[in-house]
There are 2 protein chains.
Amino acid sequence: MRVFFCALLLVASAAAAVAATPGKAVDAARRHHRANQQQILAELTDFLAIPNVASDTPNIEKNAAAIVGMFAKRGIEARLLRGEGAPPLVVADVPRKGAKRTIAFYAHYDGQPVDPAQWTSAPWSPEIRGGHLYARSASDDKSPIVAMLAALDALRTAKIAPSINLKFVFEGEEEAGSPHLDHYLDRFAKELSPDAWILCDGPVHQSRRALLYFGARGVTGAELTVYGPLRALHSGHYGNWAPNPLVMLTHLIASMRASDGRILIDGYYDDVVPVSESERAALAKAPAFDEEIRRELALGRTEGSATLNEEILKPALNIRGIAGGHVGARASNSIPTEAHASFDLRLVPAQSPERAQSLVERHIVRRGFHIVREPPSAEVRGAHPRVAKLVWGHGYPAARTPMDSLISKRVIDVAMVATGSEPVLLPSLGGSIPMYLFQRGGKVPVIGVPIVNHDNNQHAANENLRLENLWQGIELFAALFAGM
Amino acid sequence: MRVFFCALLLVASAAAAVAATPGKAVDAARRHHRANQQQILAELTDFLAIPNVASDTPNIEKNAAAIVGMFAKRGIEARLLRGEGAPPLVVADVPRKGAKRTIAFYAHYDGQPVDPAQWTSAPWSPEIRGGHLYARSASDDKSPIVAMLAALDALRTAKIAPSINLKFVFEGEEEAGSPHLDHYLDRFAKELSPDAWILCDGPVHQSRRALLYFGARGVTGAELTVYGPLRALHSGHYGNWAPNPLVMLTHLIASMRASDGRILIDGYYDDVVPVSESERAALAKAPAFDEEIRRELALGRTEGSATLNEEILKPALNIRGIAGGHVGARASNSIPTEAHASFDLRLVPAQSPERAQSLVERHIVRRGFHIVREPPSAEVRGAHPRVAKLVWGHGYPAARTPMDSLISKRVIDVAMVATGSEPVLLPSLGGSIPMYLFQRGGKVPVIGVPIVNHDNNQHAANENLRLENLWQGIELFAALFAGM
């Protein structure tokens with residue numbers, strides 16, 4: 001650690017004209033990753049081999065320890081901040097002597113649950129195929145962590161000092177909805193109050209150009225179960241008489257959400273703040289890649305009438321899953337006892353999760369359902385024409401940072417130098433990250449700087465990282481570290 | 001075999017007044033099953049321990065061999081009739097010297113597919129709990145086979161001869177839709193042309209009173225898959241833009257079938273023959289057990305406005321299963337690539353499976369879907385706004401036998417004697433059995449004489465036989481054998 005900081009101090013004066021430094025840092029990063037490709041990939045694959053579902057405590061602890069180890073290897077002491085019943089928050093500082101500003105770089109080390117049967121290679125057995133590295137969290141969100149570490153190595157080798165105090169903050173339950181991040185930011189406010197946050201989550205633009213985002217949609221979600229007869233029934237002897245829960249479920253879901261994406265729930269759009277003029281202007285400049293993506297995904301149509309960039313600024317109701325009875329070889333002519341659905345709501349300014357949830361519930365009640373939170377007894381089932389069990393997950397609201405603030409402009413400039421072209425600017429990411437928490441009531445700028453490919457199967461089977469994105473990400477981080 | 005027939009010949013003259021014989025046969029059957037309860041149950045459980053899904057050829061053969069063995073034990077030579085690619089049809093004869101009429105008793109030895117995870121005890125490990133025997137096909141439809149054999153034993157012990165030539169015909173793929181029964185009845189017409197058929201499938205009335213049915217609904221079914229993006233997508237980055245196949249599926253299903261059971265497909269009811277006056281009169285005499293069953297099943301409402309007995313005389317569209325994405329702990333915020341549904345159609349006179357299928361297809365096409373039969377290529381998916389894969393299973397039409405024919409009246413009389421009370425008479429079973437095939441164009445009377453309990457979880461997990469029904473079934477079969 002001492003050696004490293006001595007080196008930084010020695011080259012501190014080399015951090016010359018701000019405009020020049022990002023370019024030098026990019027060159028240094030390029031030299032570094034070209035010379036150390038195998039070592040960087042080895043560090044990443046070792047990290048990806050550790051299962052990382054947020055609820056899997058023993059493995060989550062292993063992940064946190066692995067990050068501490070990776071920092072230690074570089075002489076940097078990372079700490080584990082702890083909250084009760086929460087995965088640890090990994091925090092590390094790389095101070096720049098005399099720097100007044102601190103920029104924190106956030107990523108998360110947990111990943112979405114997996115269905116191993118659907119993966120070509122096992123989710124936690126990283127495998128490179130055709131220039132892509134396949135593993136859960138290869139993109140979302142472990143590779144940014146390894147890319148940042150490689151960027152630090154590159155600057156160190158080239159004797160380039162960061163231009164600001166760097167803080168690294170890595171969360172372990174983002175995919176579970178970040179239920180304790182609020183608590184961490186409050187409890188450890190002293191060391192978690194940088195001047196700005198850079199969030200390294202989400203994918204770059206579908207054109208493979210760099211992308212910066214200045215907001216994120218909020219999110220909440222629920223598990224919904226509707227009930228039929230107490231025991232499964234022969235469809236011939238009871239069909240048309242005993243209510244079929246699958247039919248009830250399809251009618252309920254169809255009543256909530258049109259096939260064109262519109263949410264059919266009364267009053268659902270009342271709180272929505274329309275997209276601003278400046279945001280609309282930024283969107284207009286973003287490349288229109290809709291046709292390419294349509295082809296890539298073999299879509300014969302899209303929902304809604306607007307472009308992808310516009311559609312993801314709207315509130316959304318996504319059905320994540322439906323299950324009940326059996327299909328295919330296991331289908332039998334029977335009426336099942338229950339039908340299940342899982343859905344997520346994406347929220348925009350100024351929707352609140354609580355209000356969205358209450359509107360959904362009012363809708364379900366208006367459709368004749370009695371809502372319960374626990375599996376209903378036979379008595380409850382018999383007493384109501386329709387019973388729905390509705391259990392909400394954690395949720396949080398959307399957030400936005402002004403695109404014309406000083407720091408926003410600086411990040412845009414550095415990204416342009418680092419990637420050699422104008423980055424795509426999005427007022428908001430379609431996905432959800434708890435940006436609103438970092439903003440501390442809107443006071444702290446928060447900007448998203450993703451590095452991974454858009455076609456990464458994030459959240460699904462065969463998640464992958466396009467290796468070219470890793471190399472470009474290292475260059476971009478080096479430029480930000482040295483050039484902010 | 002010789003000993004048995006000698007015995008039959010010796011007592012042939014004892015088959016006295018037709019009206020008296022059923023009563024004597026019932027007494028003989030009661031004495032027999034009370035004295036041999038353990039042996040009868042052992043024979044049944046051994047039989048139930050053989051897995052019997054129609055597509056599981058090695059086990060299906062074992063079942064057929066087991067039936068041949070059970071007959072052989074009684075000195076009766078059963079034959080296996082064979083059709084290409086079909087489970088064998090087991091046929092056995094017990095002739096009555098001088099008898100001119102032959103009545104065939106039909107049952108099936110195959111069972112519905114199972115989901116072992118949902119069973120309390122394993123589906124093919126028969127277990128008695130609380131007076132019920134739990135196993136796949138405990139009710140549907142192996143116990144009638146064992147009950148018939150026990151009835152033969154009872155008559156033999158009591159030296160009572162059958163009053164007619166008895167023929168036993170046991171099928172091995174009824175639950176797969178009886179795809180080869182037609183072929184068997186044609187090819188082996190000479191030995192499969194009795195004067196009447198008694199079909200021993202389905203449950204007795206919910207009041208636990210005997211039930212006779214004079215018809216059955218027809219059936220067909222299909223597997224339906226609709227398609228979303230070629231790979232699963234992050235719902236935040238693509239939701240509202242990339243079509244969600246689960247949403248498409250819910251809208252499609254909701255458009256086909258109302259929550260009150262009505263089928264919303266154009267022209268679907270055009271071919272339906274209304275229920276006749278005499279059928280309506282029989283229904284009016286059937287006990288109304290709707291309230292009891294509602295309570296038993298914890299139903300807060302029923303579909304439709306009519307009684308269960310009336311509802312099952314209508315055409316029905318039952319959703320057997322829905323699957324897509326993930327629910328519960330495995331739910332992830334993504335848009336899945338496919339959504340699946342499985343459904344069955346119950347048909348009434350004079351609907352044909354072909355016509356029903358074509359109406360369903362026209363409906364799906366009108367809802368904007370391009371129908372395919374094989375998994376569609378990316379090209380096909382990209383070329384059509386909505387693509388549905390629709391694969392129909394085998395199907396057959398409904399059938400009815402007049403309730404006022406001579407043989408119908410005789411069966412009603414014998415059942416009354418055997419069970420001590422007036423049987424419930426149903427113009428048609430709600431379930432489907434290929435009665436129309438046995439009718440040979442409406443010429444041969446076909447009457448359903450079920451013995452198993454209604455609350456048997458038929459077609460579902462924890463299928464069971466109420467043992468009391470087995471004992472009563474043996475008595476009923478003995479009465480029919482001796483009293484027709």
# chains A, B, ... in the order shown; residues from 1 in each chain; ligands from 1
$ residues_around --residues "region 292-297 of chain A" --least-positions-apart "3" --cutoff "7 Å" --atoms "only C-alpha atoms" --output "PyMOL selection string"
(chain A and resi 289) or (chain B and resi 229-231+382)
$ residues_around --residues "Val391 (chain A)" --least-positions-apart "4" --cutoff "10 Å" --atoms "only C-alpha atoms" --output "number ranges by chain"
A: 221-225, 342, 371-374
$ residues_around --residues "Ile474 (chain A)" --least-positions-apart "5" --cutoff "9 Å" --atoms "only C-alpha atoms" --output "PDB file with N, CA and C atoms, in the first residue's frame"
ATOM      1  N   VAL A  26      -6.320   6.628 -21.039  1.00  0.00           N
ATOM      2  CA  VAL A  26      -6.856   5.624 -21.970  1.00  0.00           C
ATOM      3  C   VAL A  26      -5.711   4.847 -22.610  1.00  0.00           C
ATOM      4  N   ALA A  29      -4.299   2.522 -20.091  1.00  0.00           N
ATOM      5  CA  ALA A  29      -5.211   1.395 -19.862  1.00  0.00           C
ATOM      6  C   ALA A  29      -5.118   0.392 -21.012  1.00  0.00           C
ATOM      7  N   ARG A  30      -5.022   0.896 -22.218  1.00  0.00           N
ATOM      8  CA  ARG A  30      -4.959   0.009 -23.388  1.00  0.00           C
ATOM      9  C   ARG A  30      -3.680  -0.834 -23.344  1.00  0.00           C
ATOM     10  N   HIS A  33      -4.154  -3.492 -20.508  1.00  0.00           N
ATOM     11  CA  HIS A  33      -5.020  -4.677 -20.695  1.00  0.00           C
ATOM     12  C   HIS A  33      -4.523  -5.559 -21.821  1.00  0.00           C
ATOM     13  N   PRO A 144     -17.694  -4.819 -14.034  1.00  0.00           N
ATOM     14  CA  PRO A 144     -17.245  -3.452 -13.745  1.00  0.00           C
ATOM     15  C   PRO A 144     -16.282  -3.400 -12.551  1.00  0.00           C
ATOM     16  N   VAL A 146     -14.079  -5.688 -11.599  1.00  0.00           N
ATOM     17  CA  VAL A 146     -12.758  -6.125 -12.058  1.00  0.00           C
ATOM     18  C   VAL A 146     -12.159  -5.100 -13.025  1.00  0.00           C
ATOM     19  N   ALA A 147     -13.007  -4.478 -13.837  1.00  0.00           N
ATOM     20  CA  ALA A 147     -12.509  -3.448 -14.762  1.00  0.00           C
ATOM     21  C   ALA A 147     -11.936  -2.251 -13.998  1.00  0.00           C
ATOM     22  N   MET A 148     -12.579  -1.847 -12.907  1.00  0.00           N
ATOM     23  CA  MET A 148     -12.069  -0.720 -12.108  1.00  0.00           C
ATOM     24  C   MET A 148     -10.717  -1.043 -11.510  1.00  0.00           C
ATOM     25  N   LEU A 149     -10.597  -2.287 -11.008  1.00  0.00           N
ATOM     26  CA  LEU A 149      -9.321  -2.699 -10.422  1.00  0.00           C
ATOM     27  C   LEU A 149      -8.223  -2.701 -11.488  1.00  0.00           C
ATOM     28  N   ALA A 150      -8.575  -3.180 -12.680  1.00  0.00           N
ATOM     29  CA  ALA A 150      -7.584  -3.180 -13.768  1.00  0.00           C
ATOM     30  C   ALA A 150      -7.224  -1.750 -14.167  1.00  0.00           C
ATOM     31  N   ALA A 151      -8.205  -0.843 -14.113  1.00  0.00           N
ATOM     32  CA  ALA A 151      -7.924   0.561 -14.444  1.00  0.00           C
ATOM     33  C   ALA A 151      -6.969   1.167 -13.420  1.00  0.00           C
ATOM     34  N   LEU A 152      -7.157   0.822 -12.134  1.00  0.00           N
ATOM     35  CA  LEU A 152      -6.214   1.289 -11.098  1.00  0.00           C
ATOM     36  C   LEU A 152      -4.811   0.774 -11.402  1.00  0.00           C
ATOM     37  N   ALA A 154      -3.591  -0.070 -14.261  1.00  0.00           N
ATOM     38  CA  ALA A 154      -3.055   0.578 -15.466  1.00  0.00           C
ATOM     39  C   ALA A 154      -2.475   1.943 -15.126  1.00  0.00           C
ATOM     40  N   ILE A 451     -20.616  -0.268 -18.703  1.00  0.00           N
ATOM     41  CA  ILE A 451     -19.586  -0.700 -19.662  1.00  0.00           C
ATOM     42  C   ILE A 451     -19.973  -1.965 -20.425  1.00  0.00           C
ATOM     43  N   ASN A 469     -16.075  -5.350 -24.533  1.00  0.00           N
ATOM     44  CA  ASN A 469     -16.623  -4.357 -23.602  1.00  0.00           C
ATOM     45  C   ASN A 469     -15.801  -4.249 -22.322  1.00  0.00           C
ATOM     46  N   ALA A 479      -9.877   6.672 -17.603  1.00  0.00           N
ATOM     47  CA  ALA A 479     -10.079   8.075 -17.995  1.00  0.00           C
ATOM     48  C   ALA A 479     -10.870   8.838 -16.939  1.00  0.00           C
TER      49      ALA A 479
END
$ residues_around --residues "Phe343 (chain A)" --least-positions-apart "6" --cutoff "12 Å" --atoms "only C-alpha atoms" --output "PyMOL selection string"
(chain A and resi 219-225+253+256-257+316-322+357+360+390-393) or (chain B and resi 235+239+244+246-247+325-328+331-336)
$ write_last_selection --atoms "C-alpha atoms" --output "PDB file, in the first residue's frame"
ATOM      1  CA  VAL A 219     -39.331  -0.736  -9.268  1.00  0.00           C
ATOM      2  CA  THR A 220     -41.567  -2.934  -7.216  1.00  0.00           C
ATOM      3  CA  GLY A 221     -43.049  -6.359  -7.828  1.00  0.00           C
ATOM      4  CA  ALA A 222     -45.396  -8.943  -6.465  1.00  0.00           C
ATOM      5  CA  GLU A 223     -46.303 -12.591  -6.370  1.00  0.00           C
ATOM      6  CA  LEU A 224     -49.964 -13.219  -7.119  1.00  0.00           C
ATOM      7  CA  THR A 225     -51.895 -16.440  -6.531  1.00  0.00           C
ATOM      8  CA  ILE A 253     -53.815 -10.041 -15.909  1.00  0.00           C
ATOM      9  CA  MET A 256     -54.335  -4.984 -15.854  1.00  0.00           C
ATOM     10  CA  ARG A 257     -52.182  -4.646 -18.932  1.00  0.00           C
ATOM     11  CA  ALA A 316     -44.381  -0.471 -17.159  1.00  0.00           C
ATOM     12  CA  LEU A 317     -46.052  -3.593 -15.884  1.00  0.00           C
ATOM     13  CA  ASN A 318     -44.112  -6.717 -16.825  1.00  0.00           C
ATOM     14  CA  ILE A 319     -45.361 -10.258 -16.279  1.00  0.00           C
ATOM     15  CA  ARG A 320     -42.287 -12.177 -15.118  1.00  0.00           C
ATOM     16  CA  GLY A 321     -43.877 -15.585 -14.892  1.00  0.00           C
ATOM     17  CA  ILE A 322     -47.087 -17.576 -14.885  1.00  0.00           C
ATOM     18  CA  GLN A 357     -49.139  -0.900  -5.153  1.00  0.00           C
ATOM     19  CA  VAL A 360     -52.953  -2.325  -8.326  1.00  0.00           C
ATOM     20  CA  LEU A 390     -50.786 -10.769  -3.179  1.00  0.00           C
ATOM     21  CA  VAL A 391     -47.324 -10.423  -1.658  1.00  0.00           C
ATOM     22  CA  TRP A 392     -45.283  -7.360  -2.587  1.00  0.00           C
ATOM     23  CA  GLY A 393     -41.515  -7.340  -2.805  1.00  0.00           C
TER      24      GLY A 393
ATOM     25  CA  SER B 235     -37.762  -6.071 -18.263  1.00  0.00           C
ATOM     26  CA  GLY B 239     -40.232  -3.865 -21.154  1.00  0.00           C
ATOM     27  CA  ASN B 244     -44.242 -10.077 -23.537  1.00  0.00           C
ATOM     28  CA  LEU B 246     -47.166 -14.081 -21.149  1.00  0.00           C
ATOM     29  CA  VAL B 247     -49.273 -10.992 -21.713  1.00  0.00           C
ATOM     30  CA  GLY B 325     -41.006 -17.326 -17.151  1.00  0.00           C
ATOM     31  CA  HIS B 326     -40.713 -17.976 -13.428  1.00  0.00           C
ATOM     32  CA  VAL B 327     -42.767 -17.285 -10.338  1.00  0.00           C
ATOM     33  CA  GLY B 328     -41.788 -17.221  -6.666  1.00  0.00           C
ATOM     34  CA  ALA B 331     -38.887 -14.982 -10.600  1.00  0.00           C
ATOM     35  CA  SER B 332     -36.550 -12.526 -12.298  1.00  0.00           C
ATOM     36  CA  ASN B 333     -37.295  -9.170 -13.848  1.00  0.00           C
ATOM     37  CA  SER B 334     -37.229 -10.417 -17.380  1.00  0.00           C
ATOM     38  CA  ILE B 335     -39.401 -10.888 -20.433  1.00  0.00           C
ATOM     39  CA  PRO B 336     -39.478 -14.585 -21.298  1.00  0.00           C
TER      40      PRO B 336
END
$ closest_residue --among "B:Asp455, B:Glu43, B:Asp93, B:Asp271" --to "chain A" --atoms "only C-alpha atoms"
B:Asp455
$ select_by_dssp --residues "region 195-384 of chain A" --states "strand (DSSP E)" --output "PDB file with C-alpha atoms, in the first residue's frame"
ATOM      1  CA  ALA A 196     -20.999  12.594  -6.645  1.00  0.00           C
ATOM      2  CA  TRP A 197     -21.715   9.002  -7.440  1.00  0.00           C
ATOM      3  CA  ILE A 198     -20.847   7.117 -10.601  1.00  0.00           C
ATOM      4  CA  LEU A 199     -23.025   4.009 -10.885  1.00  0.00           C
ATOM      5  CA  LEU A 211     -23.940   5.377 -22.875  1.00  0.00           C
ATOM      6  CA  LEU A 212     -24.433   7.663 -19.899  1.00  0.00           C
ATOM      7  CA  TYR A 213     -27.648   7.693 -17.945  1.00  0.00           C
ATOM      8  CA  GLY A 215     -31.739   8.566 -13.981  1.00  0.00           C
ATOM      9  CA  ALA A 216     -33.312   5.185 -13.424  1.00  0.00           C
ATOM     10  CA  GLY A 218     -38.024   2.750  -9.782  1.00  0.00           C
ATOM     11  CA  VAL A 219     -39.331  -0.736  -9.268  1.00  0.00           C
ATOM     12  CA  THR A 220     -41.567  -2.934  -7.216  1.00  0.00           C
ATOM     13  CA  GLY A 221     -43.049  -6.359  -7.828  1.00  0.00           C
ATOM     14  CA  ALA A 222     -45.396  -8.943  -6.465  1.00  0.00           C
ATOM     15  CA  GLU A 223     -46.303 -12.591  -6.370  1.00  0.00           C
ATOM     16  CA  LEU A 224     -49.964 -13.219  -7.119  1.00  0.00           C
ATOM     17  CA  THR A 225     -51.895 -16.440  -6.531  1.00  0.00           C
ATOM     18  CA  VAL A 226     -55.549 -17.036  -7.327  1.00  0.00           C
ATOM     19  CA  TYR A 227     -57.499 -20.034  -6.097  1.00  0.00           C
ATOM     20  CA  LEU A 233     -60.728 -31.859 -10.330  1.00  0.00           C
ATOM     21  CA  HIS A 234     -61.462 -33.842 -13.463  1.00  0.00           C
ATOM     22  CA  ALA A 316     -44.381  -0.471 -17.159  1.00  0.00           C
ATOM     23  CA  LEU A 317     -46.052  -3.593 -15.884  1.00  0.00           C
ATOM     24  CA  ASN A 318     -44.112  -6.717 -16.825  1.00  0.00           C
ATOM     25  CA  ILE A 319     -45.361 -10.258 -16.279  1.00  0.00           C
ATOM     26  CA  ARG A 320     -42.287 -12.177 -15.118  1.00  0.00           C
ATOM     27  CA  GLY A 321     -43.877 -15.585 -14.892  1.00  0.00           C
ATOM     28  CA  ILE A 322     -47.087 -17.576 -14.885  1.00  0.00           C
ATOM     29  CA  ALA A 323     -47.554 -21.095 -13.603  1.00  0.00           C
ATOM     30  CA  GLY A 324     -50.432 -23.408 -12.848  1.00  0.00           C
ATOM     31  CA  GLY A 325     -51.546 -26.913 -13.764  1.00  0.00           C
ATOM     32  CA  SER A 334     -57.973 -31.349 -14.762  1.00  0.00           C
ATOM     33  CA  ILE A 335     -58.831 -28.068 -13.094  1.00  0.00           C
ATOM     34  CA  GLU A 338     -54.127 -22.544  -7.850  1.00  0.00           C
ATOM     35  CA  ALA A 339     -52.647 -20.281 -10.481  1.00  0.00           C
ATOM     36  CA  HIS A 340     -49.581 -18.138  -9.939  1.00  0.00           C
ATOM     37  CA  ALA A 341     -48.229 -15.021 -11.553  1.00  0.00           C
ATOM     38  CA  SER A 342     -45.232 -12.870 -10.800  1.00  0.00           C
ATOM     39  CA  PHE A 343     -44.971  -9.309 -12.070  1.00  0.00           C
ATOM     40  CA  ASP A 344     -42.764  -6.251 -11.766  1.00  0.00           C
ATOM     41  CA  LEU A 345     -43.725  -2.584 -12.005  1.00  0.00           C
ATOM     42  CA  ARG A 346     -41.224  -0.043 -13.355  1.00  0.00           C
ATOM     43  CA  LEU A 347     -41.847   3.394 -11.892  1.00  0.00           C
ATOM     44  CA  PHE A 369     -61.095 -10.459  -5.522  1.00  0.00           C
ATOM     45  CA  HIS A 370     -60.669 -10.683  -1.793  1.00  0.00           C
ATOM     46  CA  ILE A 371     -56.967 -10.023  -1.135  1.00  0.00           C
ATOM     47  CA  VAL A 372     -55.023 -12.042   1.432  1.00  0.00           C
TER      48      VAL A 372
END
$ select_by_dssp --residues "region 224-415 of chain A" --states "helix (DSSP H, G or I)" --output "MDAnalysis selection string"
chainID A and resid 235:238 245:256 277:285 290:297 308:311 328:330 353:366 378:383 406:415
$ residues_around --residues "Ser255 (chain B)" --least-positions-apart "5" --cutoff "10 Å" --atoms "only C-alpha atoms" --output "JSON, numbers by chain"
{"A": [250, 251, 254], "B": [249, 250, 263, 264, 265, 363, 364, 367]}
$ write_last_selection --atoms "N, CA and C atoms" --output "mmCIF file, in the first residue's frame"
data_model
loop_
_atom_site.group_PDB
_atom_site.id
_atom_site.type_symbol
_atom_site.label_atom_id
_atom_site.label_comp_id
_atom_site.auth_asym_id
_atom_site.auth_seq_id
_atom_site.Cartn_x
_atom_site.Cartn_y
_atom_site.Cartn_z
ATOM 1 N N THR A 250 -55.852 -15.379 -16.077
ATOM 2 C CA THR A 250 -55.656 -14.754 -17.389
ATOM 3 C C THR A 250 -56.557 -13.533 -17.524
ATOM 4 N N HIS A 251 -57.788 -13.631 -17.026
ATOM 5 C CA HIS A 251 -58.679 -12.472 -17.112
ATOM 6 C C HIS A 251 -58.165 -11.321 -16.257
ATOM 7 N N ALA A 254 -55.029 -9.856 -18.001
ATOM 8 C CA ALA A 254 -55.430 -9.151 -19.224
ATOM 9 C C ALA A 254 -56.129 -7.833 -18.874
ATOM 10 N N LEU B 249 -50.435 -14.307 -24.161
ATOM 11 C CA LEU B 249 -51.154 -15.537 -23.853
ATOM 12 C C LEU B 249 -52.384 -15.259 -22.982
ATOM 13 N N THR B 250 -52.220 -14.402 -21.973
ATOM 14 C CA THR B 250 -53.374 -14.131 -21.097
ATOM 15 C C THR B 250 -54.488 -13.472 -21.901
ATOM 16 N N ILE B 263 -67.869 -20.066 -23.724
ATOM 17 C CA ILE B 263 -66.819 -20.054 -24.739
ATOM 18 C C ILE B 263 -67.114 -18.891 -25.669
ATOM 19 N N LEU B 264 -66.114 -18.012 -25.846
ATOM 20 C CA LEU B 264 -66.337 -16.743 -26.544
ATOM 21 C C LEU B 264 -65.955 -16.827 -28.018
ATOM 22 N N ILE B 265 -65.737 -18.051 -28.485
ATOM 23 C CA ILE B 265 -65.309 -18.251 -29.867
ATOM 24 C C ILE B 265 -66.526 -18.209 -30.791
ATOM 25 N N HIS B 363 -60.440 -18.402 -34.511
ATOM 26 C CA HIS B 363 -60.414 -17.376 -33.466
ATOM 27 C C HIS B 363 -58.992 -16.870 -33.233
ATOM 28 N N ILE B 364 -58.061 -17.797 -33.146
ATOM 29 C CA ILE B 364 -56.664 -17.410 -32.874
ATOM 30 C C ILE B 364 -56.116 -16.574 -34.029
ATOM 31 N N ARG B 367 -57.372 -13.120 -33.907
ATOM 32 C CA ARG B 367 -56.697 -12.337 -32.867
ATOM 33 C C ARG B 367 -55.297 -11.942 -33.322
#
$ residues_around --residues "Val452 (chain A)" --least-positions-apart "3" --cutoff "6 Å" --atoms "only C-alpha atoms" --output "mmCIF file with C-alpha atoms, in the first residue's frame"
data_model
loop_
_atom_site.group_PDB
_atom_site.id
_atom_site.type_symbol
_atom_site.label_atom_id
_atom_site.label_comp_id
_atom_site.auth_asym_id
_atom_site.auth_seq_id
_atom_site.Cartn_x
_atom_site.Cartn_y
_atom_site.Cartn_z
ATOM 1 C CA SER A 139 -22.216 -8.486 -17.013
ATOM 2 C CA PRO A 203 -25.483 -2.093 -20.340
ATOM 3 C CA VAL A 204 -24.101 0.348 -22.949
ATOM 4 C CA ASN A 469 -16.623 -4.357 -23.602
#
$ residues_around --residues "Gly368 (chain B)" --least-positions-apart "4" --cutoff "10 Å" --atoms "only C-alpha atoms" --output "list in words"
Leu252, His363, Ile364, His384, Pro385, Arg386, Val387 and Ala388 of chain B
$ atom_distance --atom1 "CA of Asp110 (chain B)" --atom2 "CA of Gly172 (chain B)"
4.8 Å
$ decode --residues "region 222-265 of chain B" --atoms "C-alpha atoms" --output "PDB file, in the first residue's frame"
ATOM      1  CA  ALA B 222     -54.144 -28.773 -27.663  1.00  0.00           C
ATOM      2  CA  GLU B 223     -50.784 -27.410 -26.637  1.00  0.00           C
ATOM      3  CA  LEU B 224     -50.419 -23.716 -27.399  1.00  0.00           C
ATOM      4  CA  THR B 225     -47.189 -21.709 -27.387  1.00  0.00           C
ATOM      5  CA  VAL B 226     -46.863 -17.999 -28.132  1.00  0.00           C
ATOM      6  CA  TYR B 227     -43.565 -16.281 -28.738  1.00  0.00           C
ATOM      7  CA  GLY B 228     -41.789 -13.199 -27.441  1.00  0.00           C
ATOM      8  CA  PRO B 229     -38.182 -12.133 -28.069  1.00  0.00           C
ATOM      9  CA  LEU B 230     -35.638 -14.677 -29.293  1.00  0.00           C
ATOM     10  CA  ARG B 231     -33.793 -14.413 -25.979  1.00  0.00           C
ATOM     11  CA  ALA B 232     -35.030 -13.453 -22.529  1.00  0.00           C
ATOM     12  CA  LEU B 233     -34.715  -9.698 -21.931  1.00  0.00           C
ATOM     13  CA  HIS B 234     -34.279  -7.420 -18.941  1.00  0.00           C
ATOM     14  CA  SER B 235     -37.762  -6.071 -18.263  1.00  0.00           C
ATOM     15  CA  GLY B 236     -36.361  -2.630 -17.404  1.00  0.00           C
ATOM     16  CA  HIS B 237     -34.374  -2.162 -20.572  1.00  0.00           C
ATOM     17  CA  TYR B 238     -36.893  -3.721 -22.960  1.00  0.00           C
ATOM     18  CA  GLY B 239     -40.232  -3.865 -21.154  1.00  0.00           C
ATOM     19  CA  ASN B 240     -43.072  -1.939 -22.826  1.00  0.00           C
ATOM     20  CA  TRP B 241     -41.292  -2.367 -26.150  1.00  0.00           C
ATOM     21  CA  ALA B 242     -40.401  -6.035 -26.635  1.00  0.00           C
ATOM     22  CA  PRO B 243     -43.696  -7.982 -26.627  1.00  0.00           C
ATOM     23  CA  ASN B 244     -44.242 -10.077 -23.537  1.00  0.00           C
ATOM     24  CA  PRO B 245     -45.499 -13.551 -24.541  1.00  0.00           C
ATOM     25  CA  LEU B 246     -47.166 -14.081 -21.149  1.00  0.00           C
ATOM     26  CA  VAL B 247     -49.273 -10.992 -21.713  1.00  0.00           C
ATOM     27  CA  MET B 248     -50.142 -12.162 -25.232  1.00  0.00           C
ATOM     28  CA  LEU B 249     -51.154 -15.537 -23.853  1.00  0.00           C
ATOM     29  CA  THR B 250     -53.374 -14.131 -21.097  1.00  0.00           C
ATOM     30  CA  HIS B 251     -55.169 -11.905 -23.596  1.00  0.00           C
ATOM     31  CA  LEU B 252     -55.624 -14.770 -26.031  1.00  0.00           C
ATOM     32  CA  ILE B 253     -56.988 -17.153 -23.413  1.00  0.00           C
ATOM     33  CA  ALA B 254     -59.202 -14.497 -21.855  1.00  0.00           C
ATOM     34  CA  SER B 255     -60.623 -13.859 -25.339  1.00  0.00           C
ATOM     35  CA  MET B 256     -61.479 -17.538 -25.777  1.00  0.00           C
ATOM     36  CA  ARG B 257     -63.236 -18.256 -22.523  1.00  0.00           C
ATOM     37  CA  ALA B 258     -65.171 -16.164 -19.986  1.00  0.00           C
ATOM     38  CA  SER B 259     -64.773 -16.652 -16.232  1.00  0.00           C
ATOM     39  CA  ASP B 260     -68.323 -18.003 -16.129  1.00  0.00           C
ATOM     40  CA  GLY B 261     -67.484 -20.859 -18.494  1.00  0.00           C
ATOM     41  CA  ARG B 262     -68.939 -19.381 -21.683  1.00  0.00           C
ATOM     42  CA  ILE B 263     -66.819 -20.054 -24.739  1.00  0.00           C
ATOM     43  CA  LEU B 264     -66.337 -16.743 -26.544  1.00  0.00           C
ATOM     44  CA  ILE B 265     -65.309 -18.251 -29.867  1.00  0.00           C
TER      45      ILE B 265
END
